[in-house]
Amino acid sequence: MPPIVTLTTDFGLREYFVGAVKGVILSVHPEANIVDISHEIPPHDIQEAAFTIQAVYRSFPHGTVHLVVVDPGVGSARRPIAVTTEQHHFVGPDNGVFSWVYRSEPQHKVFSIQADHYFRKPVSHTFHGRDIFAPVAAWISRGTELSRLGPRITDYVKLSVGEPSPAGENRVRGIVLHTDRFGNLITNLSPSDMPGKPVRFEIAGFTVASIVQCYSEAKDALPFALLGSAGFFEISMRESSAAARLAVERGAEVVAVWDGPVGRVR
Amino acid sequence: MPPIVTLTTDFGLREYFVGAVKGVILSVHPEANIVDISHEIPPHDIQEAAFTIQAVYRSFPHGTVHLVVVDPGVGSARRPIAVTTEQHHFVGPDNGVFSWVYRSEPQHKVFSIQADHYFRKPVSHTFHGRDIFAPVAAWISRGTELSRLGPRITDYVKLSVGEPSPAGENRVRGIVLHTDRFGNLITNLSPSDMPGKPVRFEIAGFTVASIVQCYSEAKDALPFALLGSAGFFEISMRESSAAARLAVERGAEVVAVWDGPVGRVR
Amino acid sequence: MPPIVTLTTDFGLREYFVGAVKGVILSVHPEANIVDISHEIPPHDIQEAAFTIQAVYRSFPHGTVHLVVVDPGVGSARRPIAVTTEQHHFVGPDNGVFSWVYRSEPQHKVFSIQADHYFRKPVSHTFHGRDIFAPVAAWISRGTELSRLGPRITDYVKLSVGEPSPAGENRVRGIVLHTDRFGNLITNLSPSDMPGKPVRFEIAGFTVASIVQCYSEAKDALPFALLGSAGFFEISMRESSAAARLAVERGAEVVAVWDGPVGRVR
């Protein structure tokens, strides 16, 4: 089975950067099967990169190496790291970009990458994607043990990924994690956060009481909620952007209210 | 020969959607050679997707599986289908996206996909691209017979793909099928629609009398026509957008006039 | 080792053009490993394509075939050419797109592609990327000798790629080669152009005296210079576009001043 290396970056598609990363991977491991996730992460947006990789990594076969390079601190003291969950491996900067993985995979191990004989030389100060992360990912895809890259560490950077919290009886409070290109508002609330079926969502002063199963089921111009493909509830509008129409941005608060005894929902 | 799976979607390149589809395909069939056609089909634009796949599928080797996911009805009663022309296979929603293939390939057969043991579980209501179409395309690329997916059907959705019609002596009427990113107006008129060589095109009140062989042959700022690479005549302007300058959109009428006895062209 | 074919074009990602090129390559050579460099070269911008391919080709293994199609003269008398440096092969139009390769690789040989039995038939007048360049690149990746494609030539088109020139004592004059998507101004000046360490850059009436090693080292809102990943000095600003803030475009003059005896720098 050809080993897969996925790429998630903020390099954009106009420059030569993505091509350089692929060239280096294939120089180290000609059999690697390189798969683009996205190169259109907004520049330096670690949270978006963290959301994207967590939404997709489980769709890949075991053994896949996921390279994530959104790296505003390139060239500084921030460490390059490699993470393994046994099923999946991750390579990137220690800036919190794997925070969702740490949360979803309690068995993860993190290694500080120090073994510079795996690097492309000379290492530039501005393009560790090409000179450090790409060759290391390629060596891992060839079977190099992560423990050979450097010492295991426990003080790696963890960003808050927005844990839902109780908000009164039959209510849970979350946030908008991500706004997709259609203007759908993806929250951090999932069915496991509520013992009953949600009956409404409250966001930005609006009450969204229409809960549907698929986009085409929504019948009018009002906002509706559905369970999206990443496993989270999202707030959407038919043929328009919920983000624009409700004037809601990432990080906004959202409350889900579920079924309960009459009179107890406030 | 590694089996090819091509992808044509309206997912865009910013989100994780394309990556998820590829991960699922490679989970089912690690040897698949995945090739992107376009993920920038305008959202929900079935006609554009239909144009794109018909323009490109013949450039691929026999045995290629073409996955097309432009699917505004995802989660509704619209059927998932698989189409075979013997040389090529197609997988996508039954919303007319393969209408050009039906027209170009009289020997096509269409199957309703019902065998859900080929699906990724659980099947989401909003992302059949990942959960139904991707694994089915991967199984077909592994050699699964289309007849194992479900019953053959004949009542599949066919969109009008714009048949040219006579428009008087030495004249044929067509439409603008597609506006490309340079503003070229690609029509549905081809040399086989006219027994003689075209001498002019009439569009939006303009007469285009300059017929050239290649873009660089056009010598002034007036619109010109040429036979484009998809086999259709197109109306172009040198270093500007014919669509913008002539204020013409997809669907606009265009008439071709060809050589004939003097006095008979009206 | 699977042979690599890289693609650099101005086709954009919306149309079927890139897909058609890949289909033709895989029809000729099913084992080819196709790698996208960029399809977002600005339309007809030969200089940008020349910059891009020179910045990236050395990141690929020896034996790679680099297909570059930015071809405003398609269908005209401009010749299709193939270039070899022994380590790398290049295929594209003879319009100067390989000018940097000619400069960097004194041992290059250029062949006029005339052997039309390697072409896809019929050859359109508007899409040589699909009909000539793609199949020829695929044949080269299969091992076809360049000398079988046509005669070696020496009168190929060379564009000026901006040679640095002396500008007084301890000073060298260059130009801005490229503005990247972050607004960084990449110059044609490299450490080999100056015997000492640069102490300042002069551009558009500004003096840039802050020379840093990496972006995150810059501490204020003033422009700074660093040695970029393509081996050239670049002028940048922290979290804003140097191109916009300094109102500088590609081709602008830049002077580097390096360390020298006191009083001798003018």
# chains A, B, ... in the order shown; residues from 1 in each chain; ligands from 1
$ closest_atom_pairs --of "chain B" --to "chain A" --cutoff "8 Å" --atoms "only C-alpha atoms" --output "JSON lines"
{"residue": "B:Gly12", "atom": "CA", "partner": "A:Arg181", "partner_atom": "CA", "distance": 7.9}
{"residue": "B:Leu13", "atom": "CA", "partner": "A:Ser38", "partner_atom": "CA", "distance": 6.0}
{"residue": "B:Arg14", "atom": "CA", "partner": "A:Glu40", "partner_atom": "CA", "distance": 4.8}
{"residue": "B:Glu15", "atom": "CA", "partner": "A:Ser38", "partner_atom": "CA", "distance": 6.6}
{"residue": "B:Tyr16", "atom": "CA", "partner": "A:Thr52", "partner_atom": "CA", "distance": 5.8}
{"residue": "B:Phe17", "atom": "CA", "partner": "A:Val56", "partner_atom": "CA", "distance": 7.9}
{"residue": "B:Val18", "atom": "CA", "partner": "A:Ile37", "partner_atom": "CA", "distance": 6.7}
{"residue": "B:Gly19", "atom": "CA", "partner": "A:Ile37", "partner_atom": "CA", "distance": 4.4}
{"residue": "B:Ala20", "atom": "CA", "partner": "A:Val56", "partner_atom": "CA", "distance": 5.5}
{"residue": "B:Val21", "atom": "CA", "partner": "A:Ser59", "partner_atom": "CA", "distance": 7.8}
{"residue": "B:Lys22", "atom": "CA", "partner": "A:Val35", "partner_atom": "CA", "distance": 7.6}
{"residue": "B:Gly23", "atom": "CA", "partner": "A:Phe60", "partner_atom": "CA", "distance": 4.2}
{"residue": "B:Val24", "atom": "CA", "partner": "A:Ser59", "partner_atom": "CA", "distance": 5.5}
{"residue": "B:Leu26", "atom": "CA", "partner": "A:Phe60", "partner_atom": "CA", "distance": 7.2}
{"residue": "B:Ser27", "atom": "CA", "partner": "A:Pro61", "partner_atom": "CA", "distance": 5.1}
{"residue": "B:Pro30", "atom": "CA", "partner": "A:Met1", "partner_atom": "CA", "distance": 5.9}
{"residue": "B:Glu31", "atom": "CA", "partner": "A:Met1", "partner_atom": "CA", "distance": 7.2}
{"residue": "B:Pro72", "atom": "CA", "partner": "A:Ser216", "partner_atom": "CA", "distance": 7.0}
{"residue": "B:Gly73", "atom": "CA", "partner": "A:Ser216", "partner_atom": "CA", "distance": 5.6}
{"residue": "B:Val74", "atom": "CA", "partner": "A:Cys214", "partner_atom": "CA", "distance": 7.0}
{"residue": "B:Gly75", "atom": "CA", "partner": "A:Cys214", "partner_atom": "CA", "distance": 5.3}
{"residue": "B:Ser76", "atom": "CA", "partner": "A:Ser216", "partner_atom": "CA", "distance": 6.5}
{"residue": "B:Ser124", "atom": "CA", "partner": "A:Ser229", "partner_atom": "CA", "distance": 5.9}
{"residue": "B:His125", "atom": "CA", "partner": "A:Cys214", "partner_atom": "CA", "distance": 5.4}
{"residue": "B:Thr126", "atom": "CA", "partner": "A:Cys214", "partner_atom": "CA", "distance": 5.6}
{"residue": "B:Phe127", "atom": "CA", "partner": "A:Ser229", "partner_atom": "CA", "distance": 5.9}
$ select_by_dssp --residues "segment 50-254 of chain B" --states "helix (DSSP H, G or I)" --output "PyMOL selection string"
chain B and resi 50-59+99-104+116-118+128-141+146-148+191-193+215-217+242-246
$ residues_around --residues "Ser112 of chain C" --least-positions-apart "6" --cutoff "7 Å" --atoms "only C-alpha atoms" --output "ChimeraX atom specification"
/C:79-82,150-153
$ residues_around --residues "Ile113 of chain B" --least-positions-apart "6" --cutoff "12 Å" --atoms "only C-alpha atoms" --output "NGL selection string"
:B and (78-83 or 90-94 or 119 or 132-133 or 135-137 or 140 or 145-153)
$ write_last_selection --atoms "N, CA, C and O atoms" --output "short mmCIF file (atom, residue, chain, number, x, y, z; two decimals), in the first residue's frame"
data_model
loop_
_atom_site.label_atom_id
_atom_site.label_comp_id
_atom_site.auth_asym_id
_atom_site.auth_seq_id
_atom_site.Cartn_x
_atom_site.Cartn_y
_atom_site.Cartn_z
N ARG B 78 -33.28 12.57 -4.53
CA ARG B 78 -32.56 12.39 -5.80
C ARG B 78 -31.63 11.18 -5.66
O ARG B 78 -31.05 10.94 -4.63
N ARG B 79 -31.55 10.39 -6.75
CA ARG B 79 -30.81 9.13 -6.68
C ARG B 79 -29.32 9.31 -6.94
O ARG B 79 -28.93 10.13 -7.77
N PRO B 80 -28.48 8.52 -6.29
CA PRO B 80 -27.10 8.43 -6.76
C PRO B 80 -27.06 7.46 -7.95
O PRO B 80 -27.77 6.43 -7.93
N ILE B 81 -26.29 7.78 -8.98
CA ILE B 81 -26.23 6.91 -10.15
C ILE B 81 -24.79 6.64 -10.58
O ILE B 81 -23.87 7.37 -10.25
N ALA B 82 -24.67 5.54 -11.34
CA ALA B 82 -23.41 5.22 -12.00
C ALA B 82 -23.74 5.01 -13.47
O ALA B 82 -24.76 4.40 -13.80
N VAL B 83 -22.87 5.52 -14.34
CA VAL B 83 -23.09 5.49 -15.78
C VAL B 83 -21.88 4.84 -16.42
O VAL B 83 -20.75 5.12 -16.01
N PHE B 90 -18.88 6.81 -14.89
CA PHE B 90 -19.21 8.08 -14.26
C PHE B 90 -20.03 7.79 -13.01
O PHE B 90 -20.89 6.91 -13.01
N VAL B 91 -19.78 8.56 -11.95
CA VAL B 91 -20.52 8.40 -10.70
C VAL B 91 -20.94 9.79 -10.21
O VAL B 91 -20.11 10.71 -10.21
N GLY B 92 -22.20 9.93 -9.80
CA GLY B 92 -22.65 11.22 -9.29
C GLY B 92 -24.15 11.21 -9.04
O GLY B 92 -24.79 10.16 -9.10
N PRO B 93 -24.70 12.37 -8.73
CA PRO B 93 -26.14 12.46 -8.46
C PRO B 93 -26.95 12.47 -9.76
O PRO B 93 -26.46 12.93 -10.80
N ASP B 94 -28.17 11.98 -9.69
CA ASP B 94 -29.05 11.95 -10.87
C ASP B 94 -29.77 13.29 -11.00
O ASP B 94 -30.97 13.42 -10.76
N PHE B 119 -21.13 1.74 0.85
CA PHE B 119 -21.06 3.12 1.34
C PHE B 119 -20.15 3.22 2.57
O PHE B 119 -19.92 2.24 3.28
N ILE B 132 -20.99 8.33 -0.09
CA ILE B 132 -21.57 7.43 -1.10
C ILE B 132 -20.74 7.46 -2.39
O ILE B 132 -20.25 6.43 -2.85
N PHE B 133 -20.56 8.64 -2.97
CA PHE B 133 -19.95 8.69 -4.30
C PHE B 133 -18.48 8.28 -4.28
O PHE B 133 -18.02 7.56 -5.17
N PRO B 135 -16.70 6.24 -2.12
CA PRO B 135 -16.42 4.80 -2.03
C PRO B 135 -16.93 4.02 -3.24
O PRO B 135 -16.26 3.07 -3.68
N VAL B 136 -18.07 4.42 -3.80
CA VAL B 136 -18.57 3.70 -4.98
C VAL B 136 -17.60 3.88 -6.16
O VAL B 136 -17.28 2.90 -6.86
N ALA B 137 -17.12 5.10 -6.37
CA ALA B 137 -16.14 5.31 -7.45
C ALA B 137 -14.90 4.46 -7.23
O ALA B 137 -14.35 3.87 -8.17
N ILE B 140 -15.65 0.86 -8.13
CA ILE B 140 -15.67 0.68 -9.59
C ILE B 140 -14.24 0.66 -10.13
O ILE B 140 -13.91 -0.15 -10.99
N GLU B 145 -18.48 -4.48 -10.91
CA GLU B 145 -19.41 -4.30 -12.03
C GLU B 145 -20.52 -3.33 -11.62
O GLU B 145 -21.05 -3.42 -10.50
N LEU B 146 -20.91 -2.46 -12.52
CA LEU B 146 -21.94 -1.48 -12.19
C LEU B 146 -23.27 -2.16 -11.87
O LEU B 146 -24.06 -1.65 -11.06
N SER B 147 -23.52 -3.31 -12.46
CA SER B 147 -24.80 -3.99 -12.22
C SER B 147 -24.91 -4.48 -10.78
O SER B 147 -26.01 -4.78 -10.32
N ARG B 148 -23.79 -4.55 -10.06
CA ARG B 148 -23.85 -4.95 -8.66
C ARG B 148 -24.26 -3.81 -7.74
O ARG B 148 -24.53 -4.01 -6.56
N LEU B 149 -24.27 -2.60 -8.27
CA LEU B 149 -24.60 -1.44 -7.44
C LEU B 149 -26.10 -1.24 -7.28
O LEU B 149 -26.55 -0.61 -6.31
N GLY B 150 -26.86 -1.72 -8.27
CA GLY B 150 -28.31 -1.53 -8.23
C GLY B 150 -28.89 -1.73 -9.62
O GLY B 150 -28.15 -2.05 -10.56
N PRO B 151 -30.21 -1.55 -9.75
CA PRO B 151 -30.87 -1.85 -11.02
C PRO B 151 -30.55 -0.83 -12.10
O PRO B 151 -30.33 0.34 -11.83
N ARG B 152 -30.54 -1.31 -13.34
CA ARG B 152 -30.42 -0.40 -14.46
C ARG B 152 -31.71 0.42 -14.56
O ARG B 152 -32.80 -0.11 -14.35
N ILE B 153 -31.59 1.70 -14.86
CA ILE B 153 -32.77 2.56 -14.98
C ILE B 153 -32.74 3.30 -16.31
O ILE B 153 -31.69 3.41 -16.96
#
$ atom_distance --atom1 "atom CA of Ala50 of chain B" --atom2 "atom CA of Asp131 of chain C"
22.6 Å
$ residues_around --residues "Ala247 of chain A" --least-positions-apart "5" --cutoff "12 Å" --atoms "only C-alpha atoms" --output "PyMOL selection string"
chain A and resi 179+183-185+203-206+241-242+252
$ residues_around --residues "segment 159-165 of chain B" --least-positions-apart "6" --cutoff "7 Å" --atoms "only C-alpha atoms" --output "list in words"
Gly96, Ser99, Trp100, Val172, Arg173, Gly174, Ile175, Asn188 and Leu189 of chain B
